[in-house]
$ cat data-v3.tsv   # TSV, C-alpha atoms
chain	number	residue	atom	x	y	z
Z	1	MET	CA	52.49	9.88	4.50
Z	2	LEU	CA	51.05	11.27	7.71
Z	3	ARG	CA	48.48	13.28	5.73
Z	4	VAL	CA	47.34	10.18	3.85
Z	5	ALA	CA	46.93	8.25	7.09
Z	6	LEU	CA	44.98	11.12	8.68
Z	7	ALA	CA	42.78	11.46	5.60
Z	8	LEU	CA	41.99	7.72	5.65
Z	9	CYS	CA	41.16	7.88	9.37
Z	10	LEU	CA	38.93	10.88	8.77
Z	11	VAL	CA	37.09	9.06	5.97
Z	12	VAL	CA	36.52	6.01	8.18
Z	13	VAL	CA	35.25	8.19	11.06
Z	14	LEU	CA	32.87	10.07	8.75
Z	15	LEU	CA	31.52	6.85	7.25
Z	16	VAL	CA	30.89	5.33	10.66
Z	17	ALA	CA	29.60	8.46	12.41
Z	18	HIS	CA	27.58	9.92	9.54
Z	19	PRO	CA	23.86	9.28	10.10
Z	20	GLN	CA	22.13	7.33	7.37
Z	21	PRO	CA	19.12	8.96	5.71
Z	22	ALA	CA	15.75	7.45	6.55
Z	23	VAL	CA	14.07	5.24	4.01
Z	24	ALA	CA	11.20	7.10	2.35
Z	25	CYS	CA	8.60	4.62	3.56
Z	26	SER	CA	9.58	3.81	7.11
Z	27	ALA	CA	8.09	4.22	10.54
Z	28	GLY	CA	9.50	4.25	14.02
Z	29	PRO	CA	9.37	1.27	16.36
Z	30	ASP	CA	6.28	2.64	18.10
Z	31	PHE	CA	4.23	2.91	14.90
Z	32	ASP	CA	0.77	1.39	15.27
Z	33	PRO	CA	-1.37	1.47	12.10
Z	34	ARG	CA	-4.53	1.61	14.23
Z	35	ASP	CA	-3.55	5.14	15.28
Z	36	HIS	CA	-3.57	6.30	11.65
Z	37	THR	CA	-6.48	4.35	10.17
Z	38	GLN	CA	-10.07	5.55	10.18
Z	39	LEU	CA	-11.38	3.08	7.60
Z	40	LEU	CA	-10.59	-0.59	6.98
Z	41	VAL	CA	-12.53	-2.09	4.07
Z	42	LEU	CA	-12.61	-5.05	1.76
Z	43	GLY	CA	-13.59	-3.98	-1.73
Z	44	HIS	CA	-13.51	-4.83	-5.42
Z	45	ALA	CA	-11.54	-2.33	-7.52
Z	46	ARG	CA	-13.68	-1.09	-10.42
Z	47	SER	CA	-11.50	1.65	-11.91
Z	48	ILE	CA	-8.35	3.70	-11.57
Z	49	GLU	CA	-7.93	7.30	-12.66
Z	50	LEU	CA	-4.62	9.11	-13.00
Z	51	ASP	CA	-4.20	12.77	-12.15
Z	52	PRO	CA	-4.30	14.54	-15.52
Z	53	ARG	CA	-2.24	17.46	-14.20
Z	54	THR	CA	0.92	15.34	-14.00
Z	55	THR	CA	2.43	14.24	-17.29
Z	56	SER	CA	5.43	12.26	-16.00
Z	57	GLY	CA	6.94	10.88	-12.82
Z	58	ILE	CA	4.94	9.68	-9.84
Z	59	VAL	CA	1.26	10.31	-10.53
Z	60	GLU	CA	-1.58	10.42	-8.05
Z	61	ALA	CA	-3.99	7.55	-8.66
Z	62	THR	CA	-7.62	7.46	-7.56
Z	63	VAL	CA	-9.09	3.97	-7.20
Z	64	THR	CA	-12.85	3.32	-7.08
Z	65	LEU	CA	-13.98	0.35	-4.98
Z	66	GLU	CA	-17.28	-1.45	-4.64
Z	67	ILE	CA	-17.31	-2.20	-0.93
Z	68	VAL	CA	-17.76	-5.83	0.07
Z	69	ARG	CA	-17.31	-5.37	3.83
Z	70	VAL	CA	-16.36	-2.62	6.27
Z	71	PHE	CA	-14.23	-3.68	9.25
Z	72	ARG	CA	-13.58	-0.24	10.77
Z	73	GLY	CA	-15.34	3.08	10.26
Z	74	THR	CA	-18.29	3.79	7.99
Z	75	ALA	CA	-18.33	4.15	4.24
Z	76	SER	CA	-20.73	3.93	1.35
Z	77	SER	CA	-20.19	2.17	-1.93
Z	78	PRO	CA	-18.63	3.08	-4.27
Z	79	LEU	CA	-15.64	4.37	-2.33
Z	80	ARG	CA	-12.81	6.39	-3.87
Z	81	PHE	CA	-9.33	6.52	-2.37
Z	82	VAL	CA	-6.09	8.19	-3.39
Z	83	ASP	CA	-2.71	6.51	-3.67
Z	84	SER	CA	0.03	9.08	-4.17
Z	85	GLY	CA	3.04	6.82	-4.36
Z	86	SER	CA	2.31	3.84	-6.60
Z	87	VAL	CA	1.94	4.88	-10.23
Z	88	TYR	CA	4.90	6.00	-12.28
Z	89	LEU	CA	4.14	7.51	-15.68
Z	90	PHE	CA	6.91	7.88	-18.24
Z	91	ARG	CA	7.36	8.23	-21.99
Z	92	ASP	CA	8.89	5.13	-23.57
Z	93	PRO	CA	11.97	6.36	-25.47
Z	94	TYR	CA	11.57	3.69	-28.16
Z	95	THR	CA	7.87	3.96	-28.91
Z	96	GLY	CA	7.21	7.53	-27.76
Z	97	LYS	CA	4.08	6.35	-25.93
Z	98	ASP	CA	3.20	7.06	-22.32
Z	99	THR	CA	3.80	4.00	-20.17
Z	100	ILE	CA	2.41	3.23	-16.72
Z	101	ASP	CA	4.47	1.33	-14.19
Z	102	PHE	CA	2.85	0.25	-10.91
Z	103	ALA	CA	5.54	0.55	-8.29
Z	104	GLY	CA	3.86	0.50	-4.89
Z	105	GLY	CA	6.83	-1.17	-3.25
Z	106	SER	CA	9.31	1.38	-4.58
Z	107	GLY	CA	9.80	3.16	-1.26
Z	108	ALA	CA	7.23	5.93	-1.70
Z	109	CYS	CA	4.66	4.18	0.57
Z	110	GLY	CA	2.30	3.35	-2.29
Z	111	THR	CA	0.05	0.29	-2.11
Z	112	ILE	CA	-0.48	-0.66	-5.77
Z	113	ASP	CA	2.04	-3.13	-7.21
Z	114	ASP	CA	-0.05	-4.22	-10.23
Z	115	ASP	CA	-3.11	-2.94	-12.06
Z	116	PRO	CA	-5.80	-3.09	-9.35
Z	117	VAL	CA	-8.86	-3.09	-11.65
Z	118	GLY	CA	-10.90	-6.27	-11.17
Z	119	ARG	CA	-9.00	-7.26	-8.03
Z	120	TYR	CA	-10.12	-7.40	-4.42
Z	121	VAL	CA	-8.33	-5.36	-1.79
Z	122	LEU	CA	-8.36	-5.27	1.96
Z	123	ILE	CA	-7.08	-1.77	2.64
Z	124	ALA	CA	-6.55	0.60	5.56
Z	125	LEU	CA	-7.35	4.22	4.74
Z	126	SER	CA	-7.02	7.54	6.51
Z	127	ARG	CA	-8.79	10.81	5.85
Z	128	GLY	CA	-6.41	13.42	4.42
Z	129	GLU	CA	-6.38	17.16	4.93
Z	130	ASP	CA	-8.13	17.40	1.56
Z	131	SER	CA	-11.03	15.28	3.00
Z	132	ARG	CA	-10.29	12.39	0.61
Z	133	TRP	CA	-9.41	8.85	1.71
Z	134	HIS	CA	-5.68	8.10	1.35
Z	135	ALA	CA	-3.83	4.78	1.19
Z	136	ASN	CA	-0.38	4.18	2.65
Z	137	ARG	CA	1.74	1.03	2.57
Z	138	LEU	CA	2.56	1.39	6.27
Z	139	SER	CA	-1.09	1.06	7.26
Z	140	GLY	CA	-1.60	-1.93	4.99
Z	141	ALA	CA	-3.18	-3.20	1.79
Z	142	ILE	CA	-3.52	-6.68	0.34
Z	143	TYR	CA	-4.61	-6.98	-3.31
Z	144	THR	CA	-5.75	-10.38	-4.58
Z	145	ASP	CA	-8.05	-12.08	-7.07
Z	146	GLN	CA	-10.08	-13.67	-4.27
Z	147	PRO	CA	-12.73	-12.00	-2.10
Z	148	ASP	CA	-12.05	-14.41	0.78
Z	149	TYR	CA	-8.33	-14.82	1.24
Z	150	ALA	CA	-6.61	-16.36	4.27
Z	151	MET	CA	-3.78	-13.79	4.19
Z	152	TYR	CA	-6.27	-11.05	5.09
Z	153	ARG	CA	-6.09	-12.46	8.63
Z	154	TRP	CA	-2.68	-10.84	9.20
Z	155	LEU	CA	-3.87	-7.34	8.27
Z	156	LEU	CA	-7.09	-7.68	10.23
Z	157	GLN	CA	-5.20	-8.74	13.34
Z	158	ARG	CA	-2.70	-5.91	12.85
Z	159	HIS	CA	-5.63	-3.50	13.07
Z	160	GLY	CA	-7.15	-5.20	16.10
Z	161	VAL	CA	-10.12	-6.67	14.23
Z	162	PRO	CA	-11.34	-9.92	15.81
Z	163	VAL	CA	-10.89	-12.68	13.27
Z	164	PRO	CA	-13.87	-15.06	13.34
Z	165	PHE	CA	-12.09	-18.18	12.18
Z	166	LEU	CA	-9.22	-20.41	13.18
Z	167	ILE	CA	-6.95	-22.24	10.75
Z	168	ILE	CA	-5.25	-25.31	12.14
Z	169	GLY	CA	-3.08	-27.85	10.41
Z	170	LEU	CA	-1.16	-27.55	7.16
Z	171	VAL	CA	-2.21	-24.89	4.68
Z	172	PRO	CA	-1.54	-26.18	1.14
Z	173	ASP	CA	-2.79	-22.95	-0.47
Z	174	ALA	CA	-3.38	-19.74	1.49
Z	175	GLY	CA	-6.41	-18.90	-0.64
Z	176	VAL	CA	-8.45	-22.06	-0.15
Z	177	PHE	CA	-10.58	-20.81	2.73
Z	178	GLY	CA	-13.48	-19.49	0.65
Z	179	ILE	CA	-15.96	-18.44	3.32
Z	180	ALA	CA	-13.45	-17.43	5.97
Z	181	LEU	CA	-14.44	-13.74	5.92
Z	182	ALA	CA	-18.13	-14.07	5.14
Z	183	PRO	CA	-20.26	-11.72	7.26
$ encode --input "data-v3.tsv" --output "C-alpha cells"
Amino acid sequence: MLRVALALCLVVVLLVAHPQPAVACSAGPDFDPRDHTQLLVLGHARSIELDPRTTSGIVEATVTLEIVRVFRGTASSPLRFVDSGSVYLFRDPYTGKDTIDFAGGSGACGTIDDDPVGRYVLIALSRGEDSRWHANRLSGAIYTDQPDYAMYRWLLQRHGVPVPFLIIGLVPDAGVFGIALAP
C-alpha cells in the first residue's frame, strides 16, 4: 500500500514539475516582428509552386506576387517568397491521387491557410540564409480577396508603419474601406 501511495505521489510530482515542450510556432514575450522583417509588402498572388523534390509530408511552397505596395524595404515585381510550413502533400488512400492540404495554422509557422492564387496578401518577409524571401506566421500575413482591407491596419501597426487613415464609429463590414490603403 505504501508503494502505491509513493508511486502516485511520484506521478503527480513528475506531471507538475515536468516542463512542457514548446509549441512549434511560438515566440518569447520579447518577440518583436520588426526585428525579423526586412520586407513588408502588399501583393496579388499569381502562382504557387511546390518543391518537386518532396513527394509527401510538408512541402516547401514558393508563391509569386505582383507587388501592389511596399511598406518596408525594397522589392521589384514580381516577387517570389518561400513558405516552408503551410502545404501538406499526401496520397489519398481512396483515390490514390496526390492531395494538397493548406495548413498554415497547423503549428509549423506557415502563413497559407487556403489556396493563395488570385488573393491579395499583406505579408512580412525576411531574407533567409539561402538569399530567398521567407514567410513566417509569427511575423504576419493576411490573405484576402480585397486589395484594400481594413484588417491590414493591425499588421501595419504591429510593424510600426504609420497608418494614414482613422476609422471611427461602428464597422459593419471590415472590408468596406476601399481606398483606405491607397498610396
$ residues_around --input "data-v3.tsv" --residues "Z:Ile58" --least-positions-apart "4" --cutoff "7 Å" --atoms "all atoms listed in the file" --output "PyMOL selection string"
chain Z and resi 85+87-89
$ atom_distance --input "data-v3.tsv" --atom1 "atom CA of Z:Ser126" --atom2 "atom CA of Z:Gln38"
5.2 Å
$ atom_distance --input "data-v3.tsv" --atom1 "atom CA of Z:Ser139" --atom2 "atom CA of Z:Met151"
15.4 Å
$ atom_distance --input "data-v3.tsv" --atom1 "atom CA of Z:Asp145" --atom2 "atom CA of Z:Gly160"
24.2 Å
$ residues_near_point --input "data-v3.tsv" --point "(-19.8, 7.5, 0.7)" --cutoff "12 Å" --atoms "all atoms listed in the file" --output "CSV table (one decimal) with C-alpha atoms, keeping the file's coordinate frame"
chain,number,residue,atom,x,y,z
Z,39,LEU,CA,-11.4,3.1,7.6
Z,64,THR,CA,-12.8,3.3,-7.1
Z,65,LEU,CA,-14.0,0.4,-5.0
Z,66,GLU,CA,-17.3,-1.4,-4.6
Z,67,ILE,CA,-17.3,-2.2,-0.9
Z,73,GLY,CA,-15.3,3.1,10.3
Z,74,THR,CA,-18.3,3.8,8.0
Z,75,ALA,CA,-18.3,4.2,4.2
Z,76,SER,CA,-20.7,3.9,1.4
Z,77,SER,CA,-20.2,2.2,-1.9
Z,78,PRO,CA,-18.6,3.1,-4.3
Z,79,LEU,CA,-15.6,4.4,-2.3
Z,80,ARG,CA,-12.8,6.4,-3.9
Z,81,PHE,CA,-9.3,6.5,-2.4
Z,131,SER,CA,-11.0,15.3,3.0
Z,132,ARG,CA,-10.3,12.4,0.6
Z,133,TRP,CA,-9.4,8.8,1.7
$ residues_near_point --input "data-v3.tsv" --point "(-14.7, -6.3, 2.9)" --cutoff "7 Å" --atoms "all atoms listed in the file" --output "PyMOL selection string"
chain Z and resi 41-43+67-71+122
$ closest_residue --input "data-v3.tsv" --among "Z:Arg119, Z:Arg153, Z:His159, Z:Arg137" --to "Z:His44" --atoms "all atoms listed in the file"
Z:Arg119
$ closest_residue --input "data-v3.tsv" --among "Z:Thr37, Z:Gln157, Z:Tyr152, Z:Val59" --to "Z:Thr99" --atoms "all atoms listed in the file"
Z:Val59
$ residues_around --input "data-v3.tsv" --residues "Z:Gly128" --least-positions-apart "6" --cutoff "10 Å" --atoms "only C-alpha atoms" --output "PyMOL selection string"
chain Z and resi 82+134-135
$ closest_residue --input "data-v3.tsv" --among "Z:Gly110, Z:Pro93, Z:Pro147, Z:Gly140" --to "Z:His36" --atoms "only C-alpha atoms"
Z:Gly140
$ closest_residue --input "data-v3.tsv" --among "Z:Met1, Z:Ile112, Z:Ala61, Z:Val121" --to "Z:Ala45" --atoms "all atoms listed in the file"
Z:Val121
$ closest_residue --input "data-v3.tsv" --among "Z:Leu50, Z:Leu125, Z:Val163, Z:Ile100" --to "Z:Asp113" --atoms "only C-alpha atoms"
Z:Ile100
$ closest_residue --input "data-v3.tsv" --among "Z:Ser86, Z:Pro29, Z:Asp35, Z:Thr144" --to "Z:Arg158" --atoms "all atoms listed in the file"
Z:Asp35
